[in-house]
Every structure is written in structure tokens, then in C-alpha cells.
file model05.tsv (TSV, C-alpha atoms)
chain	number	residue	atom	x	y	z
A	10	MET	CA	0.00	0.00	0.00
A	11	ASN	CA	3.07	2.22	-0.10
A	12	SER	CA	2.02	3.49	-3.49
A	13	LEU	CA	-1.18	5.08	-2.15
A	14	LYS	CA	0.35	8.26	-0.81
A	15	CYS	CA	-2.86	10.21	-1.31
A	16	VAL	CA	-4.80	7.83	0.97
A	17	ALA	CA	-2.07	8.03	3.63
A	18	THR	CA	-2.18	11.83	3.35
A	19	LEU	CA	-5.96	11.88	3.81
A	20	VAL	CA	-5.70	9.57	6.84
A	21	LYS	CA	-3.05	11.87	8.34
A	22	GLU	CA	-5.17	14.98	7.71
A	23	LEU	CA	-8.31	13.40	9.19
A	24	SER	CA	-6.51	12.07	12.26
A	25	ARG	CA	-5.55	15.65	13.15
A	26	LEU	CA	-9.20	16.41	13.86
A	27	PRO	CA	-10.23	16.25	17.54
A	28	GLY	CA	-11.46	12.85	18.70
A	29	ILE	CA	-10.41	11.15	15.44
A	30	GLY	CA	-7.71	8.54	15.98
A	31	GLU	CA	-5.80	6.76	13.25
A	32	LYS	CA	-8.24	3.83	13.02
A	33	THR	CA	-11.25	6.13	12.69
A	34	ALA	CA	-9.38	8.29	10.19
A	35	GLN	CA	-8.68	5.20	8.10
A	36	ARG	CA	-12.32	4.15	8.21
A	37	LEU	CA	-13.40	7.65	7.15
A	38	ALA	CA	-10.80	7.70	4.36
A	39	PHE	CA	-12.05	4.41	2.94
A	40	HIS	CA	-15.60	5.72	3.18
A	41	ILE	CA	-14.61	8.86	1.27
A	42	LEU	CA	-12.92	6.64	-1.34
A	43	LYS	CA	-16.25	4.92	-1.93
A	44	LEU	CA	-18.28	8.13	-2.12
A	45	PRO	CA	-19.45	9.40	-5.50
A	46	LYS	CA	-17.00	12.05	-6.68
A	47	VAL	CA	-19.57	14.88	-6.40
A	48	GLU	CA	-20.24	14.07	-2.74
A	49	ALA	CA	-16.53	14.06	-1.85
A	50	GLU	CA	-16.11	17.35	-3.69
A	51	SER	CA	-19.04	18.90	-1.89
A	52	LEU	CA	-17.53	17.87	1.47
A	53	ALA	CA	-14.20	19.40	0.46
A	54	ARG	CA	-15.90	22.56	-0.80
A	55	SER	CA	-17.83	23.01	2.46
A	56	ILE	CA	-14.53	22.92	4.38
A	57	VAL	CA	-12.95	25.59	2.18
A	58	ASP	CA	-16.19	27.60	2.25
A	59	VAL	CA	-16.29	28.06	6.00
A	60	LYS	CA	-12.72	29.32	6.01
A	61	GLU	CA	-13.46	31.76	3.20
A	62	LYS	CA	-16.86	33.03	4.31
A	63	VAL	CA	-16.75	33.04	8.09
A	64	LYS	CA	-15.56	36.23	9.77
A	65	ILE	CA	-15.61	37.43	13.37
A	66	CYS	CA	-18.24	40.02	14.33
A	67	SER	CA	-16.40	43.20	15.30
A	68	ARG	CA	-18.96	43.93	18.02
A	69	CYS	CA	-19.68	40.64	19.84
A	70	PHE	CA	-16.85	38.44	18.40
A	71	ASN	CA	-19.25	35.71	17.36
A	72	ILE	CA	-18.61	34.01	14.02
A	73	THR	CA	-20.57	35.55	11.17
A	74	GLU	CA	-20.73	35.87	7.38
A	75	GLU	CA	-21.58	39.58	7.61
A	76	ASP	CA	-20.17	42.15	10.02
A	77	PRO	CA	-21.87	43.04	12.37
A	78	CYS	CA	-23.51	39.66	12.87
A	79	GLN	CA	-27.23	38.96	12.55
A	80	ILE	CA	-27.76	39.03	16.33
A	81	CYS	CA	-25.96	42.38	16.76
A	82	ARG	CA	-28.00	43.85	13.87
A	83	ASP	CA	-31.33	42.53	15.22
A	84	SER	CA	-33.16	45.53	16.67
A	85	ASN	CA	-35.80	43.26	18.21
A	86	ARG	CA	-33.25	41.94	20.68
A	87	ASN	CA	-32.66	43.62	24.01
A	88	GLU	CA	-29.48	45.75	23.88
A	89	LYS	CA	-29.52	46.09	27.65
A	90	GLN	CA	-28.72	42.46	28.38
A	91	ILE	CA	-25.40	40.96	27.35
A	92	CYS	CA	-24.77	37.25	27.79
A	93	VAL	CA	-21.04	36.46	27.98
A	94	VAL	CA	-19.90	33.08	26.65
A	95	GLU	CA	-16.52	31.52	25.95
A	96	GLU	CA	-16.96	30.24	22.40
A	97	PRO	CA	-19.34	30.54	19.43
A	98	HIS	CA	-20.66	27.01	20.05
A	99	ASP	CA	-21.73	28.06	23.56
A	100	LEU	CA	-23.71	30.92	22.01
A	101	LEU	CA	-25.27	28.44	19.59
A	102	ALA	CA	-26.30	26.17	22.49
A	103	ILE	CA	-28.04	29.10	24.22
A	104	GLU	CA	-29.70	30.27	20.99
A	105	LYS	CA	-31.17	26.79	20.53
A	106	THR	CA	-33.16	27.23	23.75
A	107	GLY	CA	-34.94	30.26	22.25
A	108	ILE	CA	-35.20	31.74	25.76
A	109	PHE	CA	-32.60	34.50	25.71
A	110	LYS	CA	-33.55	37.60	23.70
A	111	GLY	CA	-30.62	39.87	24.53
A	112	LYS	CA	-27.21	40.30	22.90
A	113	TYR	CA	-24.01	38.31	23.33
A	114	HIS	CA	-20.32	38.74	23.89
A	115	VAL	CA	-18.02	35.90	22.84
A	116	LEU	CA	-14.77	35.93	24.83
A	117	GLN	CA	-13.05	33.54	22.39
A	118	GLY	CA	-11.61	31.55	25.26
A	119	SER	CA	-11.34	31.56	29.01
A	120	LEU	CA	-8.83	32.70	31.55
A	121	SER	CA	-6.48	29.91	32.51
A	122	PRO	CA	-3.95	30.56	35.23
A	123	LEU	CA	-2.41	27.12	34.57
A	124	ASP	CA	-2.00	27.63	30.82
A	125	GLY	CA	-0.98	31.25	31.32
A	126	ARG	CA	-4.00	32.81	29.54
A	127	GLY	CA	-4.78	36.18	31.09
A	128	PRO	CA	-7.42	38.86	30.45
A	129	ASP	CA	-5.45	40.23	27.48
A	130	ASP	CA	-5.68	36.89	25.69
A	131	ILE	CA	-9.48	36.92	25.56
A	132	ARG	CA	-11.98	39.64	24.59
A	133	VAL	CA	-12.41	41.18	28.05
A	134	ARG	CA	-11.30	44.70	27.13
A	135	GLU	CA	-13.78	44.75	24.26
A	136	LEU	CA	-16.56	43.71	26.67
A	137	LEU	CA	-15.69	46.51	29.07
A	138	ASP	CA	-15.67	49.00	26.16
A	139	ARG	CA	-19.17	47.85	25.23
A	140	LEU	CA	-20.35	48.26	28.82
A	141	LYS	CA	-18.89	51.77	29.06
A	142	GLY	CA	-20.41	52.88	25.77
A	143	ASN	CA	-23.94	51.52	26.16
A	144	ASN	CA	-26.68	51.58	28.71
A	145	VAL	CA	-26.32	47.92	29.68
A	146	ASP	CA	-28.51	46.81	32.60
A	147	GLU	CA	-27.32	43.26	33.09
A	148	VAL	CA	-24.34	41.09	32.20
A	149	ILE	CA	-25.23	37.38	32.28
A	150	ILE	CA	-22.16	35.21	32.68
A	151	ALA	CA	-22.46	31.84	30.96
A	152	THR	CA	-18.91	30.52	31.04
A	153	ASN	CA	-18.41	26.77	31.39
A	154	PRO	CA	-18.73	25.23	34.88
A	155	ASN	CA	-15.09	24.08	35.03
A	156	ASN	CA	-11.99	25.59	36.66
A	157	ASP	CA	-11.11	27.94	33.80
A	158	GLY	CA	-14.73	28.98	33.28
A	159	GLU	CA	-15.20	29.68	36.99
A	160	ALA	CA	-11.97	31.70	37.13
A	161	THR	CA	-13.21	33.71	34.14
A	162	ALA	CA	-16.61	34.25	35.75
A	163	HIS	CA	-14.98	35.40	38.96
A	164	TYR	CA	-12.74	37.89	37.15
A	165	LEU	CA	-15.58	39.22	34.96
A	166	THR	CA	-17.82	39.72	37.99
A	167	LYS	CA	-15.14	41.85	39.63
A	168	VAL	CA	-14.42	44.09	36.63
A	169	THR	CA	-18.05	44.52	35.51
A	170	LYS	CA	-19.33	45.29	39.00
A	171	SER	CA	-16.73	48.01	39.26
A	172	LEU	CA	-18.51	49.68	36.32
A	173	GLY	CA	-21.76	49.59	38.26
A	174	VAL	CA	-23.41	46.98	36.04
A	175	LYS	CA	-25.60	44.21	37.50
A	176	VAL	CA	-23.95	40.81	37.01
A	177	THR	CA	-25.77	37.46	37.05
A	178	LYS	CA	-24.61	33.94	36.36
A	179	ILE	CA	-26.61	31.11	34.81
A	180	ALA	CA	-27.87	28.55	37.33
A	181	GLN	CA	-25.98	25.38	38.17
A	182	GLY	CA	-27.90	22.36	39.39
A	183	ILE	CA	-29.26	18.96	38.51
A	184	PRO	CA	-29.69	18.69	34.71
A	185	MET	CA	-33.17	17.96	33.37
A	186	GLY	CA	-33.65	14.23	32.95
A	187	GLY	CA	-30.77	13.74	35.35
A	188	ASP	CA	-30.93	11.58	38.42
A	189	LEU	CA	-29.94	12.74	41.91
A	190	GLU	CA	-28.40	9.33	42.55
A	191	TYR	CA	-25.95	9.76	39.67
A	192	ALA	CA	-25.21	13.47	40.03
A	193	ASP	CA	-21.80	14.35	41.49
A	194	HIS	CA	-21.71	15.96	44.91
A	195	VAL	CA	-20.48	19.34	43.63
A	196	THR	CA	-23.50	19.59	41.32
A	197	ILE	CA	-25.89	18.57	44.11
A	198	GLY	CA	-24.24	21.13	46.40
A	199	LYS	CA	-24.70	23.86	43.78
A	200	ALA	CA	-28.33	22.79	43.30
A	201	ILE	CA	-29.02	23.12	47.04
A	202	GLU	CA	-27.26	26.50	47.26
A	203	GLY	CA	-29.25	27.72	44.27
A	204	ARG	CA	-32.65	26.53	45.53
A	205	ARG	CA	-35.62	28.77	44.82
A	206	GLU	CA	-38.92	29.25	46.62
A	207	ILE	CA	-41.85	27.77	44.74
B	21	MET	CA	-27.14	31.45	13.83
B	22	ASN	CA	-29.43	31.24	10.78
B	23	SER	CA	-27.07	33.43	8.81
B	24	LEU	CA	-24.23	30.92	8.97
B	25	LYS	CA	-25.40	28.66	6.18
B	26	CYS	CA	-21.87	27.57	5.35
B	27	VAL	CA	-21.32	26.22	8.87
B	28	ALA	CA	-24.65	24.38	8.77
B	29	THR	CA	-23.66	22.92	5.38
B	30	LEU	CA	-20.32	21.73	6.74
B	31	VAL	CA	-22.03	20.14	9.77
B	32	LYS	CA	-24.47	18.37	7.42
B	33	GLU	CA	-21.66	17.12	5.17
B	34	LEU	CA	-19.57	15.88	8.10
B	35	SER	CA	-22.51	14.14	9.79
B	36	ARG	CA	-22.94	12.01	6.67
B	37	LEU	CA	-19.64	10.30	7.43
B	38	PRO	CA	-19.91	6.94	9.24
B	39	GLY	CA	-19.85	7.16	13.01
B	40	ILE	CA	-20.13	10.97	13.01
B	41	GLY	CA	-23.35	12.19	14.62
B	42	GLU	CA	-24.60	15.77	14.56
B	43	LYS	CA	-22.89	16.73	17.84
B	44	THR	CA	-19.51	15.38	16.69
B	45	ALA	CA	-19.97	17.01	13.29
B	46	GLN	CA	-20.60	20.34	15.01
B	47	ARG	CA	-17.50	19.94	17.16
B	48	LEU	CA	-15.42	19.12	14.07
B	49	ALA	CA	-16.90	22.07	12.16
B	50	PHE	CA	-15.98	24.51	14.95
B	51	HIS	CA	-12.51	22.98	15.04
B	52	ILE	CA	-12.14	23.49	11.29
B	53	LEU	CA	-13.31	27.09	11.73
B	54	LYS	CA	-10.41	27.67	14.11
B	55	LEU	CA	-7.79	26.00	11.89
B	56	PRO	CA	-5.36	28.16	9.94
B	57	LYS	CA	-6.68	28.53	6.39
B	58	VAL	CA	-3.83	26.52	4.85
B	59	GLU	CA	-4.56	23.54	7.09
B	60	ALA	CA	-8.26	23.53	6.23
B	61	GLU	CA	-7.37	23.79	2.56
B	62	SER	CA	-4.93	20.92	2.79
B	63	LEU	CA	-7.63	18.75	4.42
B	64	ALA	CA	-10.05	19.67	1.62
B	65	ARG	CA	-7.43	19.02	-1.04
B	66	SER	CA	-6.60	15.59	0.36
B	67	ILE	CA	-10.29	14.63	0.06
B	68	VAL	CA	-10.48	15.71	-3.58
B	69	ASP	CA	-7.09	14.10	-4.27
B	70	VAL	CA	-8.10	10.59	-3.28
B	71	LYS	CA	-11.14	10.78	-5.54
B	72	GLU	CA	-9.04	12.00	-8.44
B	73	LYS	CA	-6.01	9.77	-8.07
B	74	VAL	CA	-7.33	6.48	-6.76
B	75	LYS	CA	-8.32	3.85	-9.33
B	76	ILE	CA	-9.20	0.18	-9.07
B	77	CYS	CA	-6.56	-2.37	-10.15
B	78	SER	CA	-7.93	-4.24	-13.16
B	79	ARG	CA	-6.32	-7.49	-11.97
B	80	CYS	CA	-6.95	-7.76	-8.20
B	81	PHE	CA	-9.50	-4.92	-7.73
B	82	ASN	CA	-7.53	-3.32	-4.95
B	83	ILE	CA	-7.36	0.48	-4.89
B	84	THR	CA	-4.30	1.87	-6.62
B	85	GLU	CA	-2.85	4.98	-8.21
B	86	GLU	CA	-1.37	2.97	-11.11
B	87	ASP	CA	-2.93	0.03	-12.94
B	88	PRO	CA	-1.97	-2.76	-12.32
B	89	CYS	CA	-1.31	-2.08	-8.64
B	90	GLN	CA	2.08	-2.28	-6.93
B	91	ILE	CA	1.34	-5.71	-5.46
B	92	CYS	CA	0.22	-7.20	-8.80
B	93	ARG	CA	3.35	-5.78	-10.48
B	94	ASP	CA	5.70	-7.07	-7.77
B	95	SER	CA	7.53	-10.07	-9.26
B	96	ASN	CA	8.97	-10.97	-5.85
B	97	ARG	CA	5.54	-11.98	-4.63
B	98	ASN	CA	4.24	-15.50	-5.05
B	99	GLU	CA	1.77	-15.65	-7.98
B	100	LYS	CA	0.66	-19.10	-6.91
B	101	GLN	CA	-1.08	-17.95	-3.71
B	102	ILE	CA	-4.10	-15.67	-3.88
B	103	CYS	CA	-5.58	-14.26	-0.70
B	104	VAL	CA	-9.23	-13.29	-1.15
B	105	VAL	CA	-10.55	-10.38	0.94
B	106	GLU	CA	-13.74	-8.35	0.95
B	107	GLU	CA	-12.43	-4.79	0.91
B	108	PRO	CA	-9.17	-2.85	0.35
B	109	HIS	CA	-8.89	-2.11	4.09
B	110	ASP	CA	-8.86	-5.87	4.78
B	111	LEU	CA	-5.93	-6.20	2.37
B	112	LEU	CA	-4.21	-3.33	4.17
B	113	ALA	CA	-4.69	-5.08	7.53
B	114	ILE	CA	-3.06	-8.25	6.18
B	115	GLU	CA	-0.21	-6.31	4.51
B	116	LYS	CA	0.58	-4.69	7.84
B	117	THR	CA	1.44	-8.10	9.30
B	118	GLY	CA	4.19	-8.53	6.70
B	119	ILE	CA	3.57	-12.29	6.77
B	120	PHE	CA	1.76	-12.92	3.50
B	121	LYS	CA	3.93	-12.76	0.37
B	122	GLY	CA	1.42	-13.85	-2.27
B	123	LYS	CA	-1.08	-11.89	-4.34
B	124	TYR	CA	-4.58	-10.69	-3.48
B	125	HIS	CA	-8.07	-10.59	-4.89
B	126	VAL	CA	-10.43	-7.92	-3.52
B	127	LEU	CA	-14.07	-8.97	-3.88
B	128	GLN	CA	-15.34	-5.43	-3.26
B	129	GLY	CA	-18.01	-6.71	-0.94
B	130	SER	CA	-19.52	-9.92	0.33
B	131	LEU	CA	-22.45	-12.11	-0.56
B	132	SER	CA	-25.48	-11.18	1.45
B	133	PRO	CA	-28.59	-13.31	1.06
B	134	LEU	CA	-30.49	-10.87	3.31
B	135	ASP	CA	-29.51	-7.74	1.37
B	136	GLY	CA	-29.89	-9.55	-1.95
B	137	ARG	CA	-26.19	-9.36	-2.96
B	138	GLY	CA	-25.30	-12.37	-5.10
B	139	PRO	CA	-22.08	-13.57	-6.78
B	140	ASP	CA	-22.63	-11.20	-9.72
B	141	ASP	CA	-22.52	-8.19	-7.38
B	142	ILE	CA	-18.97	-8.90	-6.20
B	143	ARG	CA	-15.80	-9.80	-8.09
B	144	VAL	CA	-16.25	-13.59	-8.04
B	145	ARG	CA	-16.24	-14.13	-11.80
B	146	GLU	CA	-12.97	-12.19	-12.10
B	147	LEU	CA	-11.44	-14.41	-9.40
B	148	LEU	CA	-12.47	-17.56	-11.26
B	149	ASP	CA	-11.02	-16.13	-14.50
B	150	ARG	CA	-7.70	-15.56	-12.67
B	151	LEU	CA	-7.75	-19.12	-11.34
B	152	LYS	CA	-8.45	-20.57	-14.78
B	153	GLY	CA	-5.72	-18.53	-16.47
B	154	ASN	CA	-2.90	-19.03	-13.98
B	155	ASN	CA	-1.22	-21.86	-12.19
B	156	VAL	CA	-2.60	-21.00	-8.78
B	157	ASP	CA	-1.78	-23.52	-6.04
B	158	GLU	CA	-3.78	-22.11	-3.16
B	159	VAL	CA	-6.65	-19.74	-2.56
B	160	ILE	CA	-6.62	-18.33	1.00
B	161	ILE	CA	-10.03	-17.07	2.03
B	162	ALA	CA	-9.87	-14.12	4.43
B	163	THR	CA	-13.44	-12.85	4.46
B	164	ASN	CA	-14.79	-11.40	7.68
B	165	PRO	CA	-15.99	-13.78	10.43
B	166	ASN	CA	-19.63	-12.63	10.27
B	167	ASN	CA	-22.71	-14.05	8.53
B	168	ASP	CA	-22.08	-12.42	5.16
B	169	GLY	CA	-18.37	-13.21	5.24
B	170	GLU	CA	-19.02	-16.83	6.17
B	171	ALA	CA	-21.62	-17.17	3.39
B	172	THR	CA	-19.07	-15.73	0.95
B	173	ALA	CA	-16.35	-18.10	2.18
B	174	HIS	CA	-18.70	-21.07	1.82
B	175	TYR	CA	-19.65	-20.11	-1.74
B	176	LEU	CA	-16.03	-19.41	-2.77
B	177	THR	CA	-14.89	-22.76	-1.36
B	178	LYS	CA	-17.45	-24.54	-3.49
B	179	VAL	CA	-16.65	-22.79	-6.78
B	180	THR	CA	-12.85	-22.77	-6.38
B	181	LYS	CA	-12.68	-26.42	-5.34
B	182	SER	CA	-14.61	-27.33	-8.50
B	183	LEU	CA	-11.66	-25.88	-10.44
B	184	GLY	CA	-9.32	-28.25	-8.59
B	185	VAL	CA	-7.59	-25.50	-6.60
B	186	LYS	CA	-6.63	-25.99	-2.95
B	187	VAL	CA	-8.68	-23.71	-0.69
B	188	THR	CA	-7.70	-22.63	2.85
B	189	LYS	CA	-9.26	-20.21	5.29
B	190	ILE	CA	-7.49	-18.03	7.85
B	191	ALA	CA	-7.72	-19.33	11.42
B	192	GLN	CA	-10.39	-18.23	13.87
B	193	GLY	CA	-9.66	-18.31	17.57
B	194	ILE	CA	-8.80	-16.30	20.65
B	195	PRO	CA	-7.20	-12.99	19.63
B	196	MET	CA	-3.68	-12.23	20.91
B	197	GLY	CA	-3.88	-10.29	24.14
B	198	GLY	CA	-7.45	-11.51	24.50
B	199	ASP	CA	-8.77	-13.20	27.59
B	200	LEU	CA	-10.60	-16.54	27.56
B	201	GLU	CA	-12.94	-15.24	30.23
B	202	TYR	CA	-14.16	-12.43	27.99
B	203	ALA	CA	-14.17	-14.26	24.65
B	204	ASP	CA	-17.62	-15.20	23.32
B	205	HIS	CA	-18.52	-18.88	23.17
B	206	VAL	CA	-18.53	-19.03	19.35
B	207	THR	CA	-14.92	-17.79	19.26
B	208	ILE	CA	-13.87	-20.25	21.97
B	209	GLY	CA	-15.63	-23.04	20.08
B	210	LYS	CA	-13.76	-22.11	16.87
B	211	ALA	CA	-10.48	-22.00	18.82
B	212	ILE	CA	-11.03	-25.51	20.15
B	213	GLU	CA	-12.03	-26.85	16.71
B	214	GLY	CA	-8.97	-25.24	15.18
B	215	ARG	CA	-6.48	-26.49	17.81
B	216	ARG	CA	-3.04	-27.54	16.60
B	217	GLU	CA	-0.51	-29.99	17.94
B	218	ILE	CA	2.50	-28.30	19.49

call {"tool": "encode", "arguments": {"input": "model05.tsv", "output": "C-alpha cells"}}
result
Amino acid sequence: MNSLKCVATLVKELSRLPGIGEKTAQRLAFHILKLPKVEAESLARSIVDVKEKVKICSRCFNITEEDPCQICRDSNRNEKQICVVEEPHDLLAIEKTGIFKGKYHVLQGSLSPLDGRGPDDIRVRELLDRLKGNNVDEVIIATNPNNDGEATAHYLTKVTKSLGVKVTKIAQGIPMGGDLEYADHVTIGKAIEGRREI
Amino acid sequence: MNSLKCVATLVKELSRLPGIGEKTAQRLAFHILKLPKVEAESLARSIVDVKEKVKICSRCFNITEEDPCQICRDSNRNEKQICVVEEPHDLLAIEKTGIFKGKYHVLQGSLSPLDGRGPDDIRVRELLDRLKGNNVDEVIIATNPNNDGEATAHYLTKVTKSLGVKVTKIAQGIPMGGDLEYADHVTIGKAIEGRREI
């Protein structure tokens, strides 16, 4: 099989993707080999397309095809609430709920004392500029519930409060469909702390 | 996120690949978005490349960039032994062992009474033509140890034996590094049937 350099190249390229090991990459490569040529070309084109078309919104730093992005341009959405997330896929997850009708700010990462990522490495300054410029009532922090996300939330709370803006954080607790028996003790603790009167 | 059609297209294309669900496809798409443009382009190019460069060997039906393939052209390999496999990746798995020094025949599938795939749907006729034309001493059947593979092996044994060619089948038994305790009873049964004097 030494002669099939192009297959080896494809396997190598695919195995660079996250969660794709060499075995999976090989299976995918052989699948692509069996695809009709038009389908393989359309897969390849869609990869090039996202790199060519997708930009970063200069206001909220979400990914977008037009600047500013659709959400920033949408005058039906509440300018006075800004939900802060780490990455575009977090924004997407919140948008899928259909519950939040404000604007967003995508940090493009999180603080990480261990990896040496500080406030200058993510879009914190740009968030503060937005808060200074506009009449924002509430900043909703929706960073991930892990060490880096919590560190980021903690830092953001400090700097936004100093501007006199109300800061909230999305609730942590037992997930819907979850089972108390199988939830970890930190989650159960957070759920008890965050209990609400009914 | 409605505006990002190109991302949705990429997610759709990726989720068509085997073993890639929508969530994984989305994770891959966001990873590709973050890749440097040259890396995304080189992934895309490698997909198009395999479709453009890879042909089927007219002799053994393995995938190849040149016809006949490297293995068929290799005069150091034993023409008198033909190992019959279902797919090119099966051939690759055997080549990796470095043990087999004969030639191959890739059926490009297996018989499947349930899915209605008969001998005319795979490269059986071409195998028989090779056996008639050459002085082949031994046909080694290396189809997969599942229902379709076993049905294929059974059929091949019948038709090749009728040509007076010796037919063998690769051994089934406990895999190396496997554990008797966790092996299924069919495998253990095959291992006992296939026992050899030491």
C-alpha cells in the first residue's frame, strides 16, 4: 500500500481532527474513497467555504458571514442584556433554547492561570468598552462550569461590577432528565445552594 | 445562527460520514473554523485528491494509483497464492502483518442473502477467471468472520474447489492479548475446533 500516498495523506489529515484517531481516520478515508466524486467534492468545498466566508463580528466576536452579525443587527433583541460566553458554540447552544432575547459577547476563550492565559488573551477589554459605551442593565455570565470557566466568571464579575453593572450567572444544578443518585456531589451542592422558593 | 449557512452545510456534510453524529460534526466544524486557512485547505485538497487519483486495479481490484497495482506488479511476490478479501482495508490489515507474500483478490463486498447481494454483485467471476488462467496452487479465504463473510467463504470454497484449486481459510480463535474469560462462546468453540498440535 506504499504506493497510495494520497490515501495516507488523507488519513493523516483526518486524524488531526479532535477525537479522530488513526483507526477512525482510516475508516473515514475508505468511506470517502467509496463516495461518489460529487459528494466528496461537496464535502471538500464546504470545508474551504467556512474558512473563506466566516468572519468574526467586530462587536460581539461571534462568528458571522456579515459584520456586524445577525444578532448584533437585530433591533428586536434587548441591547440592555449581554450574555457572555466563551466560544461561538456556547452561544449556539443558548440560541437553541430560544429563551434569551438579549445580545451576546463571545470571549473567544477563558482565563487559565495554569495555561498562562490572562485577560489580554481573551476579549475582556472589548466587553468593558461595550459596557462603558452603552446603557447595559445586566451582564449574564455563561462561562463553562469548570476551573477555567469559573476563574473567568470570577474575574468578569469583579471588573463589571466596578462599572456599576448588574452581574448574574446562569444557574448550576441537577440537569433535566438527570438523576440525583448519579449526580456528582459538587452539582448537588450547587443545586441546594441555588434553591428557589416555589 | 441562521445566517451561517456555510457552517450548517459543513455540519451536514460531516454528519454524513460513518460514526459521526450531529454533535460530533458540530465539534469538528468549529474545530475546522479555528484552523489556519492553509490547514483547512490541505484537508479539503486531500479529500479531492483521493477521488481523483485512486483507481481500481484491473487485476486484483484493490485500490491503486497505477494500474496494475504495486502488489500485482511485484515479481517478488508468489503468484501461486491468492488471498481473497472483501475490501481494500482488509488487504491493508493483512499487509501490515508482513507475513503474506502472495497476491490478493479484492471482492469489493460480500455475498449477502439478506440484502440480496449475489455472486454477480462482487468480483467472483474475475477471481475464477484468474484461477483458470494461472497456475494457482492455493486460494486463502480471508473474508470477515460474520454471517455475510461466512456465506461468501462457503460459496467461494465450493466454486474454487470445482476448479481443482486448494482452498484454505485463515484461522479463527482467541485474539492475541485476549482473555478466555471475555471471549464469546462461538470464538472459543472455533479456537477448540482449530487447535493444533504443538

call {"tool": "residues_near_point", "arguments": {"input": "model05.tsv", "point": "(-17.6, -9.3, -1.1)", "cutoff": "9 Å", "atoms": "only C-alpha atoms", "output": "list of chain:residue names"}}
result
B:Val105, B:Glu106, B:Glu107, B:Val126, B:Leu127, B:Gln128, B:Gly129, B:Ser130, B:Leu131, B:Ser132, B:Arg137, B:Pro139, B:Asp141, B:Ile142, B:Arg143, B:Val144, B:Thr163, B:Asp168, B:Gly169, B:Thr172

call {"tool": "residues_around", "arguments": {"input": "model05.tsv", "residues": "Asp138 in chain A", "least_positions_apart": "6", "cutoff": "12 Å", "atoms": "all atoms listed in the file", "output": "PyMOL selection string"}}
result
chain A and resi 68-69+114+132+144-145+168-169+172

call {"tool": "closest_residue", "arguments": {"input": "model05.tsv", "among": "A:Gln79, A:Ser24, A:Thr106, A:Asn153", "to": "chain B", "atoms": "only C-alpha atoms"}}
result
A:Gln79

call {"tool": "interface_residues", "arguments": {"input": "model05.tsv", "of": "chain B", "to": "chain A", "cutoff": "6 Å", "atoms": "only C-alpha atoms", "output": "VMD selection string"}}
result
chain B and resid 26 30 33 61 63 to 64 66 68 70

call {"tool": "atom_distance", "arguments": {"input": "model05.tsv", "atom1": "CA of Pro184 in chain A", "atom2": "CA of Arg205 in chain A"}}
result
15.5 Å

call {"tool": "residues_around", "arguments": {"input": "model05.tsv", "residues": "Asp193 in chain A", "least_positions_apart": "6", "cutoff": "12 Å", "atoms": "all atoms listed in the file", "output": "PDB file with C-alpha atoms, in the coordinates of the input"}}
result
ATOM      1  CA  GLY A 182     -27.900  22.360  39.390  1.00  0.00           C
ATOM      2  CA  ILE A 183     -29.260  18.960  38.510  1.00  0.00           C
ATOM      3  CA  PRO A 184     -29.690  18.690  34.710  1.00  0.00           C
ATOM      4  CA  GLY A 187     -30.770  13.740  35.350  1.00  0.00           C
ATOM      5  CA  LYS A 199     -24.700  23.860  43.780  1.00  0.00           C
ATOM      6  CA  ALA A 200     -28.330  22.790  43.300  1.00  0.00           C
TER       7      ALA A 200
END

call {"tool": "residues_around", "arguments": {"input": "model05.tsv", "residues": "range 82-91 of chain A", "least_positions_apart": "5", "cutoff": "12 Å", "atoms": "only C-alpha atoms", "output": "count of residues only"}}
result
40

call {"tool": "atom_distance", "arguments": {"input": "model05.tsv", "atom1": "CA of Tyr191 in chain A", "atom2": "CA of Asn156 in chain A"}}
result
21.3 Å

call {"tool": "atom_distance", "arguments": {"input": "model05.tsv", "atom1": "CA of Ile114 in chain B", "atom2": "CA of Lys181 in chain B"}}
result
23.6 Å

call {"tool": "axis_aligned_box", "arguments": {"input": "model05.tsv", "around": "range 174-184 of chain B", "padding_each_side": "6 Å", "output": "AutoDock Vina command-line options"}}
result
--center_x -14.5 --center_y -23.8 --center_z -4.3 --size_x 22.3 --size_y 20.8 --size_z 24.3

call {"tool": "build_atoms", "arguments": {"input": "model05.tsv", "residues": "range 67-77 of chain A", "atoms": "N, CA, C and O atoms", "output": "compact mmCIF listing (two decimals), in the frame of the given file"}}
result
# COMPACT_ATOMS: atom_id res chain seq x y z
N SER A 67 -17.27 42.23 14.64
CA SER A 67 -16.40 43.20 15.30
C SER A 67 -17.02 43.73 16.60
O SER A 67 -16.35 44.41 17.37
N ARG A 68 -18.31 43.44 16.83
CA ARG A 68 -18.96 43.93 18.02
C ARG A 68 -18.98 42.86 19.13
O ARG A 68 -18.49 43.07 20.22
N CYS A 69 -19.50 41.66 18.79
CA CYS A 69 -19.68 40.64 19.84
C CYS A 69 -18.66 39.50 19.73
O CYS A 69 -18.61 38.62 20.57
N PHE A 70 -17.89 39.46 18.62
CA PHE A 70 -16.85 38.44 18.40
C PHE A 70 -17.40 37.03 18.20
O PHE A 70 -16.69 36.05 18.36
N ASN A 71 -18.69 36.97 17.82
CA ASN A 71 -19.25 35.71 17.36
C ASN A 71 -18.80 35.49 15.92
O ASN A 71 -18.37 36.43 15.24
N ILE A 72 -18.89 34.24 15.44
CA ILE A 72 -18.61 34.01 14.02
C ILE A 72 -19.80 34.49 13.19
O ILE A 72 -20.95 34.41 13.63
N THR A 73 -19.51 34.98 12.00
CA THR A 73 -20.57 35.55 11.17
C THR A 73 -20.12 35.60 9.71
O THR A 73 -18.93 35.53 9.42
N GLU A 74 -21.10 35.67 8.79
CA GLU A 74 -20.73 35.87 7.38
C GLU A 74 -20.74 37.35 7.04
O GLU A 74 -20.13 37.79 6.10
N GLU A 75 -21.52 38.14 7.84
CA GLU A 75 -21.58 39.58 7.61
C GLU A 75 -21.22 40.28 8.92
O GLU A 75 -21.59 39.80 9.98
N ASP A 76 -20.56 41.41 8.82
CA ASP A 76 -20.17 42.15 10.02
C ASP A 76 -20.94 43.47 10.08
O ASP A 76 -20.89 44.24 9.12
N PRO A 77 -21.65 43.83 11.15
CA PRO A 77 -21.87 43.04 12.37
C PRO A 77 -22.79 41.85 12.11
O PRO A 77 -23.48 41.80 11.11
